[in-house]
file final-v8.csv (CSV, C-alpha atoms and all ligand atoms)
chain,number,residue,atom,x,y,z
A,1286,MET,CA,26.6,43.5,-4.4
A,1287,LYS,CA,28.1,43.4,-0.9
A,1288,LYS,CA,24.9,44.9,0.6
A,1289,ALA,CA,22.8,42.2,-0.9
A,1290,ILE,CA,25.0,39.4,0.5
A,1291,ILE,CA,25.5,40.7,4.1
A,1292,PRO,CA,21.8,40.2,5.3
A,1293,VAL,CA,21.8,36.6,4.0
A,1294,ILE,CA,25.0,35.8,5.9
A,1295,ILE,CA,23.7,37.5,9.0
A,1296,PHE,CA,20.5,35.4,8.8
A,1297,SER,CA,22.5,32.3,8.5
A,1298,CYS,CA,24.5,33.3,11.6
A,1299,ILE,CA,21.7,34.6,13.8
A,1300,CYS,CA,18.1,33.3,14.1
A,1301,THR,CA,16.4,33.3,17.5
A,1302,SER,CA,13.8,30.6,18.1
A,1303,CYS,CA,14.6,27.4,20.0
A,1304,VAL,CA,13.0,24.0,20.2
A,1305,LEU,CA,12.6,21.9,23.3
A,1306,SER,CA,14.6,18.7,23.6
A,1307,LYS,CA,13.8,15.2,24.4
A,1308,TYR,CA,17.5,14.2,24.1
A,1309,THR,CA,19.9,13.0,26.7
A,1310,PRO,CA,23.6,12.4,26.1
A,1311,TYR,CA,22.7,8.7,25.8
A,1312,GLN,CA,20.2,8.6,23.0
A,1313,ASN,CA,21.1,5.2,21.8
A,1314,THR,CA,20.1,2.8,24.6
A,1315,LYS,CA,21.0,-0.2,22.4
A,1316,PHE,CA,24.6,-0.3,23.7
A,1317,THR,CA,24.1,1.1,27.2
A,1318,SER,CA,21.7,-1.8,27.8
A,1319,ASN,CA,24.3,-4.2,26.3
A,1320,ARG,CA,26.0,-5.3,29.5
A,1321,GLU,CA,29.2,-6.2,27.6
A,1322,PHE,CA,30.3,-2.6,26.8
A,1323,ALA,CA,27.8,-0.7,29.0
A,1324,GLY,CA,30.3,1.6,30.6
A,1325,THR,CA,32.6,2.5,27.7
A,1326,GLU,CA,29.6,3.0,25.4
A,1327,MET,CA,28.3,5.8,27.7
A,1328,ILE,CA,31.7,7.5,27.1
A,1329,ARG,CA,31.5,7.0,23.4
A,1330,GLN,CA,28.0,8.3,23.1
A,1331,GLU,CA,29.1,11.5,24.8
A,1332,PHE,CA,31.5,12.1,22.0
A,1333,GLU,CA,28.6,12.6,19.7
A,1334,THR,CA,27.2,15.4,21.9
A,1335,ILE,CA,30.7,16.9,22.3
A,1336,ARG,CA,31.1,16.9,18.5
A,1337,ARG,CA,27.8,18.8,18.1
A,1338,VAL,CA,29.0,21.4,20.6
A,1339,LEU,CA,32.3,21.8,18.7
A,1340,ARG,CA,30.3,22.3,15.4
A,1341,VAL,CA,28.3,25.1,17.1
A,1342,LEU,CA,31.4,26.8,18.4
A,1343,GLU,CA,33.1,26.4,15.0
A,1344,LYS,CA,30.1,28.0,13.2
A,1345,ALA,CA,29.9,30.9,15.7
A,1346,THR,CA,33.7,31.4,15.3
A,1347,ASP,CA,33.5,31.3,11.5
A,1348,CYS,CA,30.8,33.9,11.6
A,1349,LEU,CA,32.9,36.1,13.8
A,1350,ASP,CA,35.9,35.5,11.6
A,1351,ASN,CA,33.8,36.6,8.6
A,1352,GLY,CA,33.0,39.9,10.3
A,1353,GLN,CA,29.5,39.1,11.5
A,1354,GLN,CA,28.1,40.2,14.8
A,1355,ILE,CA,27.8,37.3,17.2
A,1356,PRO,CA,26.3,38.2,20.6
A,1357,ALA,CA,28.6,37.6,23.6
A,1358,GLU,CA,25.7,35.6,25.1
A,1359,THR,CA,26.0,33.0,22.3
A,1360,PHE,CA,29.7,32.4,23.0
A,1361,GLN,CA,29.0,32.5,26.8
A,1362,GLY,CA,26.2,29.9,26.4
A,1363,ILE,CA,28.3,27.6,24.3
A,1364,LEU,CA,31.1,27.9,26.8
A,1365,GLU,CA,28.7,27.1,29.6
A,1366,ILE,CA,27.8,23.8,27.8
A,1367,ILE,CA,31.5,23.0,27.3
A,1368,SER,CA,32.4,23.8,30.9
A,1369,ASN,CA,29.5,21.9,32.5
A,1370,PHE,CA,29.1,19.0,30.1
A,1371,SER,CA,32.3,18.4,28.0
A,1372,ASP,CA,34.8,19.4,30.6
A,1373,LYS,CA,33.2,18.8,34.0
A,1374,ARG,CA,31.1,15.7,33.5
A,1375,HIS,CA,32.8,13.9,30.6
A,1376,HIS,CA,36.3,14.5,31.8
A,1377,GLU,CA,35.3,13.7,35.4
A,1378,LYS,CA,34.1,10.3,34.3
A,1379,GLU,CA,37.4,9.6,32.6
A,1380,ASP,CA,39.8,11.2,35.2
A,1381,LYS,CA,38.2,9.8,38.3
A,1382,ILE,CA,36.6,6.6,37.2
A,1383,LEU,CA,37.7,5.1,33.8
A,1384,PHE,CA,41.4,5.9,33.9
A,1385,PRO,CA,42.0,4.6,37.4
A,1386,ILE,CA,40.3,1.3,36.5
A,1387,LEU,CA,42.5,1.1,33.4
A,1388,LYS,CA,45.8,2.2,34.7
A,1389,ASP,CA,46.8,-1.3,36.2
A,1390,LYS,CA,45.5,-3.3,33.3
A,1391,GLU,CA,48.1,-5.3,31.4
A,1392,ASN,CA,50.6,-4.5,34.2
A,1393,GLY,CA,50.3,-0.8,33.7
A,1394,ALA,CA,51.3,-1.0,30.0
A,1395,LYS,CA,49.2,2.0,29.0
A,1396,ARG,CA,50.0,4.3,32.0
A,1397,ASP,CA,52.0,6.8,29.8
A,1398,PHE,CA,49.2,6.9,27.3
A,1399,LEU,CA,46.6,7.6,30.1
A,1400,GLY,CA,48.9,10.2,31.5
A,1401,GLN,CA,49.0,11.9,28.1
A,1402,LEU,CA,45.2,11.9,27.9
A,1403,LEU,CA,45.0,13.4,31.4
A,1404,MET,CA,47.5,16.2,30.3
A,1405,GLU,CA,45.3,16.8,27.2
A,1406,HIS,CA,42.3,17.4,29.6
A,1407,VAL,CA,44.5,20.0,31.5
A,1408,THR,CA,45.3,21.7,28.2
A,1409,SER,CA,41.7,21.7,27.2
A,1410,ARG,CA,40.7,23.4,30.5
A,1411,ASP,CA,43.5,26.0,29.9
A,1412,LYS,CA,42.1,26.7,26.5
A,1413,ILE,CA,38.5,27.1,27.8
A,1414,ARG,CA,39.8,29.5,30.4
A,1415,ASP,CA,41.6,31.5,27.8
A,1416,LEU,CA,38.6,31.6,25.5
A,1417,SER,CA,36.3,32.7,28.4
A,1418,GLY,CA,38.8,35.5,29.3
A,1419,SER,CA,39.1,36.7,25.7
A,1420,LEU,CA,35.3,37.1,25.3
A,1421,ILE,CA,35.4,40.1,27.6
A,1422,HIS,CA,37.0,42.0,24.7
A,1423,LEU,CA,34.4,40.8,22.0
A,1424,SER,CA,33.2,44.3,21.3
A,1425,GLN,CA,36.7,45.8,21.1
A,1426,GLY,CA,37.4,45.6,17.4
A,1427,LYS,CA,39.3,43.4,14.9
A,1428,LYS,CA,42.4,42.5,16.9
A,1429,ALA,CA,40.3,41.3,19.9
A,1430,LYS,CA,38.1,39.3,17.6
A,1431,LYS,CA,41.1,37.7,15.9
A,1432,LYS,CA,42.4,36.6,19.3
A,1433,ILE,CA,39.0,35.0,20.2
A,1434,THR,CA,38.8,33.1,16.9
A,1435,LYS,CA,42.5,31.9,17.2
A,1436,ILE,CA,41.8,30.5,20.7
A,1437,ALA,CA,38.5,29.0,19.7
A,1438,TYR,CA,39.9,27.3,16.6
A,1439,ALA,CA,42.8,25.9,18.7
A,1440,TYR,CA,40.4,24.5,21.3
A,1441,ILE,CA,38.2,22.9,18.5
A,1442,LYS,CA,41.3,21.3,16.9
A,1443,HIS,CA,42.7,20.1,20.2
A,1444,THR,CA,39.4,18.6,21.3
A,1445,ARG,CA,38.7,16.9,18.0
A,1446,ARG,CA,42.1,15.3,18.0
A,1447,HIS,CA,41.7,14.2,21.6
A,1448,ILE,CA,38.2,12.6,21.0
A,1449,GLN,CA,39.6,10.8,17.9
A,1450,THR,CA,42.4,9.3,20.0
A,1451,GLU,CA,40.0,8.1,22.6
A,1452,GLU,CA,37.6,6.7,20.0
A,1453,LYS,CA,40.2,4.9,17.9
A,1454,VAL,CA,42.7,3.9,20.6
A,1455,LEU,CA,41.4,4.2,24.1
A,1456,LEU,CA,38.0,2.7,23.9
A,1457,PRO,CA,38.9,-0.3,21.6
A,1458,TRP,CA,41.7,-1.2,24.0
A,1459,ALA,CA,39.4,-0.6,27.1
A,1460,ASN,CA,36.9,-3.0,25.6
A,1461,THR,CA,39.5,-5.7,25.3
A,1462,VAL,CA,40.9,-5.4,28.8
A,1463,LEU,CA,37.8,-4.5,30.9
A,1464,THR,CA,35.9,-7.4,32.4
A,1465,HIS,CA,32.2,-7.7,32.4
A,1466,ASP,CA,32.2,-6.7,36.0
A,1467,ASP,CA,34.4,-3.6,35.3
A,1468,GLN,CA,31.9,-2.5,32.6
A,1469,ILE,CA,29.0,-2.9,35.0
A,1470,LEU,CA,30.9,-1.0,37.7
A,1471,LEU,CA,31.7,1.8,35.3
A,1472,LYS,CA,28.1,2.1,34.2
A,1473,ASN,CA,26.8,2.1,37.8
A,1474,THR,CA,29.5,4.6,39.0
A,1475,PHE,CA,28.8,6.9,36.0
A,1476,GLY,CA,25.1,6.7,36.9
A,1477,GLU,CA,25.8,7.7,40.6
A,1478,LEU,CA,27.9,10.6,39.4
A,1479,GLU,CA,25.1,11.9,37.3
A,1480,ARG,CA,22.1,11.1,39.4
A,1481,ASP,CA,21.6,14.7,40.7
A,1482,ASP,CA,22.1,16.2,37.2
A,1483,ILE,CA,19.5,13.8,35.7
A,1484,GLU,CA,17.0,14.3,38.5
A,1485,THR,CA,17.3,18.1,38.4
A,1486,GLY,CA,17.1,18.2,34.6
A,1487,VAL,CA,20.7,19.5,34.0
A,1488,HIS,CA,21.2,17.3,31.0
A,1489,GLU,CA,18.0,18.3,29.4
A,1490,LYS,CA,18.9,22.0,30.0
A,1491,TYR,CA,22.2,21.7,28.2
A,1492,ILE,CA,20.9,19.6,25.3
A,1493,THR,CA,18.0,22.1,24.9
A,1494,MET,CA,20.6,25.0,24.9
A,1495,LEU,CA,22.7,23.1,22.3
A,1496,GLU,CA,19.7,22.6,20.0
A,1497,GLY,CA,18.8,26.2,20.4
A,1498,PHE,CA,22.3,27.2,19.2
A,1499,GLU,CA,22.1,24.7,16.3
A,1500,LYS,CA,18.9,26.3,15.2
A,1501,GLN,CA,20.2,29.9,15.7
A,1502,LEU,CA,23.4,29.1,13.7
A,1503,GLU,CA,21.5,26.9,11.1
A,1504,ILE,CA,23.4,23.7,11.8
A,1505,HIS,CA,21.6,20.4,11.1
A,1506,PRO,CA,23.1,17.8,13.4
A,1507,GLU,CA,21.9,14.8,11.4
A,1508,SER,CA,23.4,16.1,8.1
B,1601,FE,FE,39.3,12.6,27.4
B,1602,FE,FE,36.7,11.6,26.4
call {"tool": "encode", "arguments": {"input": "final-v8.csv", "output": "structure tokens"}}
result
Amino acid sequence: MKKAIIPVIIFSCICTSCVLSKYTPYQNTKFTSNREFAGTEMIRQEFETIRRVLRVLEKATDCLDNGQQIPAETFQGILEIISNFSDKRHHEKEDKILFPILKDKENGAKRDFLGQLLMEHVTSRDKIRDLSGSLIHLSQGKKAKKKITKIAYAYIKHTRRHIQTEEKVLLPWANTVLTHDDQILLKNTFGELERDDIETGVHEKYITMLEGFEKQLEIHPES
């Protein structure tokens, strides 16, 4: 019975072909063209992409946890998207642009909260580094795999909780305290930050990689 089940599980974990993408992190232009919430909506739309990356990491981790063979390249590719999109670009927008604009609003009433979010970014980076380091031992048996899955699940849990806090607390508050000019400034500064990435196709590259992993791991993002 076991022999009949294993190939089915492997097929659901590994399948090779990829599709090319037309996606950007900002697929819904309805809000980014709405000047009222233009800047914060760019942040919110990135959460949708980050959640897709987390689902891919979670499925790969589940497969590994269930004893399936997951190529090191799959985890390394997912980590590349996390490092260069979720961590580098998204956190950079918040750390260097959004939070500094917000920190003096309402006489600095939310400084501690913003400090907590900054610390969560640091924790996130630590977990990414730990996960990256643990992958070297992917082929070294059960104990090494257990360590990888433990770190991956901890990162996923931490990031989901962080995004939820930003979505439910940070962005609604930001939308009440940011002026129309602040939102336009945010949108334009984010655009400047990403100009090179957009012109050189970096976004397209990572979204295409993400879609490839979704297909490989049989994840349907719209479901
Ligand atoms: Fe954040
Ligand atoms: Fe965020």
call {"tool": "atom_distance", "arguments": {"input": "final-v8.csv", "atom1": "atom CA of Lys1442 of chain A", "atom2": "atom CA of Leu1502 of chain A"}}
result
19.8 Å
call {"tool": "atom_distance", "arguments": {"input": "final-v8.csv", "atom1": "atom CA of Leu1399 of chain A", "atom2": "atom CA of Leu1339 of chain A"}}
result
23.2 Å
call {"tool": "closest_residue", "arguments": {"input": "final-v8.csv", "among": "A:Leu1478, A:Val1487, A:Ile1441, A:Leu1463", "to": "Pro1385 of chain A", "atoms": "only C-alpha atoms"}}
result
A:Leu1463
call {"tool": "residues_near_ligand", "arguments": {"input": "final-v8.csv", "ligand": "ligand FE 1602 (chain B)", "cutoff": "7 Å", "atoms": "all atoms listed in the file", "output": "short mmCIF file (atom, residue, chain, number, x, y, z; two decimals) with C-alpha atoms, in the frame of the given file"}}
result
data_model
loop_
_atom_site.label_atom_id
_atom_site.label_comp_id
_atom_site.auth_asym_id
_atom_site.auth_seq_id
_atom_site.Cartn_x
_atom_site.Cartn_y
_atom_site.Cartn_z
CA ILE A 1328 31.70 7.50 27.10
CA PHE A 1332 31.50 12.10 22.00
CA HIS A 1375 32.80 13.90 30.60
CA HIS A 1376 36.30 14.50 31.80
CA GLU A 1379 37.40 9.60 32.60
CA ILE A 1448 38.20 12.60 21.00
CA GLU A 1451 40.00 8.10 22.60
#
call {"tool": "residues_near_ligand", "arguments": {"input": "final-v8.csv", "ligand": "ligand FE 1601 (chain B)", "cutoff": "12 Å", "atoms": "all atoms listed in the file", "output": "NGL selection string"}}
result
:A and (1328-1329 or 1331-1332 or 1335 or 1371-1384 or 1398-1410 or 1443-1452 or 1454-1456)
call {"tool": "write_last_selection", "arguments": {"input": "final-v8.csv", "atoms": "C-alpha atoms", "output": "tab-separated table (two decimals), in the frame of the given file"}}
result
chain	number	residue	atom	x	y	z
A	1328	ILE	CA	31.70	7.50	27.10
A	1329	ARG	CA	31.50	7.00	23.40
A	1331	GLU	CA	29.10	11.50	24.80
A	1332	PHE	CA	31.50	12.10	22.00
A	1335	ILE	CA	30.70	16.90	22.30
A	1371	SER	CA	32.30	18.40	28.00
A	1372	ASP	CA	34.80	19.40	30.60
A	1373	LYS	CA	33.20	18.80	34.00
A	1374	ARG	CA	31.10	15.70	33.50
A	1375	HIS	CA	32.80	13.90	30.60
A	1376	HIS	CA	36.30	14.50	31.80
A	1377	GLU	CA	35.30	13.70	35.40
A	1378	LYS	CA	34.10	10.30	34.30
A	1379	GLU	CA	37.40	9.60	32.60
A	1380	ASP	CA	39.80	11.20	35.20
A	1381	LYS	CA	38.20	9.80	38.30
A	1382	ILE	CA	36.60	6.60	37.20
A	1383	LEU	CA	37.70	5.10	33.80
A	1384	PHE	CA	41.40	5.90	33.90
A	1398	PHE	CA	49.20	6.90	27.30
A	1399	LEU	CA	46.60	7.60	30.10
A	1400	GLY	CA	48.90	10.20	31.50
A	1401	GLN	CA	49.00	11.90	28.10
A	1402	LEU	CA	45.20	11.90	27.90
A	1403	LEU	CA	45.00	13.40	31.40
A	1404	MET	CA	47.50	16.20	30.30
A	1405	GLU	CA	45.30	16.80	27.20
A	1406	HIS	CA	42.30	17.40	29.60
A	1407	VAL	CA	44.50	20.00	31.50
A	1408	THR	CA	45.30	21.70	28.20
A	1409	SER	CA	41.70	21.70	27.20
A	1410	ARG	CA	40.70	23.40	30.50
A	1443	HIS	CA	42.70	20.10	20.20
A	1444	THR	CA	39.40	18.60	21.30
A	1445	ARG	CA	38.70	16.90	18.00
A	1446	ARG	CA	42.10	15.30	18.00
A	1447	HIS	CA	41.70	14.20	21.60
A	1448	ILE	CA	38.20	12.60	21.00
A	1449	GLN	CA	39.60	10.80	17.90
A	1450	THR	CA	42.40	9.30	20.00
A	1451	GLU	CA	40.00	8.10	22.60
A	1452	GLU	CA	37.60	6.70	20.00
A	1454	VAL	CA	42.70	3.90	20.60
A	1455	LEU	CA	41.40	4.20	24.10
A	1456	LEU	CA	38.00	2.70	23.90
call {"tool": "atom_distance", "arguments": {"input": "final-v8.csv", "atom1": "atom CA of Ile1413 of chain A", "atom2": "atom CA of Met1327 of chain A"}}
result
23.6 Å
call {"tool": "decode", "arguments": {"input": "final-v8.csv", "residues": "segment 1474-1485 of chain A", "atoms": "N, CA and C atoms", "output": "PDB file, in the first residue's frame"}}
result
ATOM      1  N   THR A1474       8.548  57.921  -3.852  1.00  0.00           N
ATOM      2  CA  THR A1474       9.827  57.444  -3.308  1.00  0.00           C
ATOM      3  C   THR A1474       9.968  55.936  -3.499  1.00  0.00           C
ATOM      4  N   PHE A1475       8.869  55.192  -3.298  1.00  0.00           N
ATOM      5  CA  PHE A1475       8.909  53.749  -3.562  1.00  0.00           C
ATOM      6  C   PHE A1475       9.274  53.504  -5.035  1.00  0.00           C
ATOM      7  N   GLY A1476       8.674  54.312  -5.905  1.00  0.00           N
ATOM      8  CA  GLY A1476       8.939  54.162  -7.340  1.00  0.00           C
ATOM      9  C   GLY A1476      10.411  54.390  -7.665  1.00  0.00           C
ATOM     10  N   GLU A1477      11.006  55.426  -7.021  1.00  0.00           N
ATOM     11  CA  GLU A1477      12.438  55.712  -7.228  1.00  0.00           C
ATOM     12  C   GLU A1477      13.298  54.535  -6.785  1.00  0.00           C
ATOM     13  N   LEU A1478      12.926  54.001  -5.592  1.00  0.00           N
ATOM     14  CA  LEU A1478      13.686  52.890  -5.016  1.00  0.00           C
ATOM     15  C   LEU A1478      13.692  51.678  -5.942  1.00  0.00           C
ATOM     16  N   GLU A1479      12.592  51.490  -6.647  1.00  0.00           N
ATOM     17  CA  GLU A1479      12.432  50.280  -7.451  1.00  0.00           C
ATOM     18  C   GLU A1479      12.718  50.480  -8.929  1.00  0.00           C
ATOM     19  N   ARG A1480      13.075  51.705  -9.296  1.00  0.00           N
ATOM     20  CA  ARG A1480      13.205  51.993 -10.727  1.00  0.00           C
ATOM     21  C   ARG A1480      14.153  51.012 -11.433  1.00  0.00           C
ATOM     22  N   ASP A1481      15.328  50.816 -10.842  1.00  0.00           N
ATOM     23  CA  ASP A1481      16.306  49.923 -11.485  1.00  0.00           C
ATOM     24  C   ASP A1481      15.770  48.500 -11.610  1.00  0.00           C
ATOM     25  N   ASP A1482      15.122  48.026 -10.514  1.00  0.00           N
ATOM     26  CA  ASP A1482      14.581  46.659 -10.527  1.00  0.00           C
ATOM     27  C   ASP A1482      13.527  46.503 -11.621  1.00  0.00           C
ATOM     28  N   ILE A1483      12.681  47.520 -11.770  1.00  0.00           N
ATOM     29  CA  ILE A1483      11.619  47.425 -12.768  1.00  0.00           C
ATOM     30  C   ILE A1483      12.222  47.464 -14.171  1.00  0.00           C
ATOM     31  N   GLU A1484      13.164  48.381 -14.367  1.00  0.00           N
ATOM     32  CA  GLU A1484      13.759  48.521 -15.705  1.00  0.00           C
ATOM     33  C   GLU A1484      14.572  47.306 -16.111  1.00  0.00           C
ATOM     34  N   THR A1485      15.213  46.656 -15.130  1.00  0.00           N
ATOM     35  CA  THR A1485      16.044  45.488 -15.476  1.00  0.00           C
ATOM     36  C   THR A1485      15.278  44.166 -15.354  1.00  0.00           C
TER      37      THR A1485
END
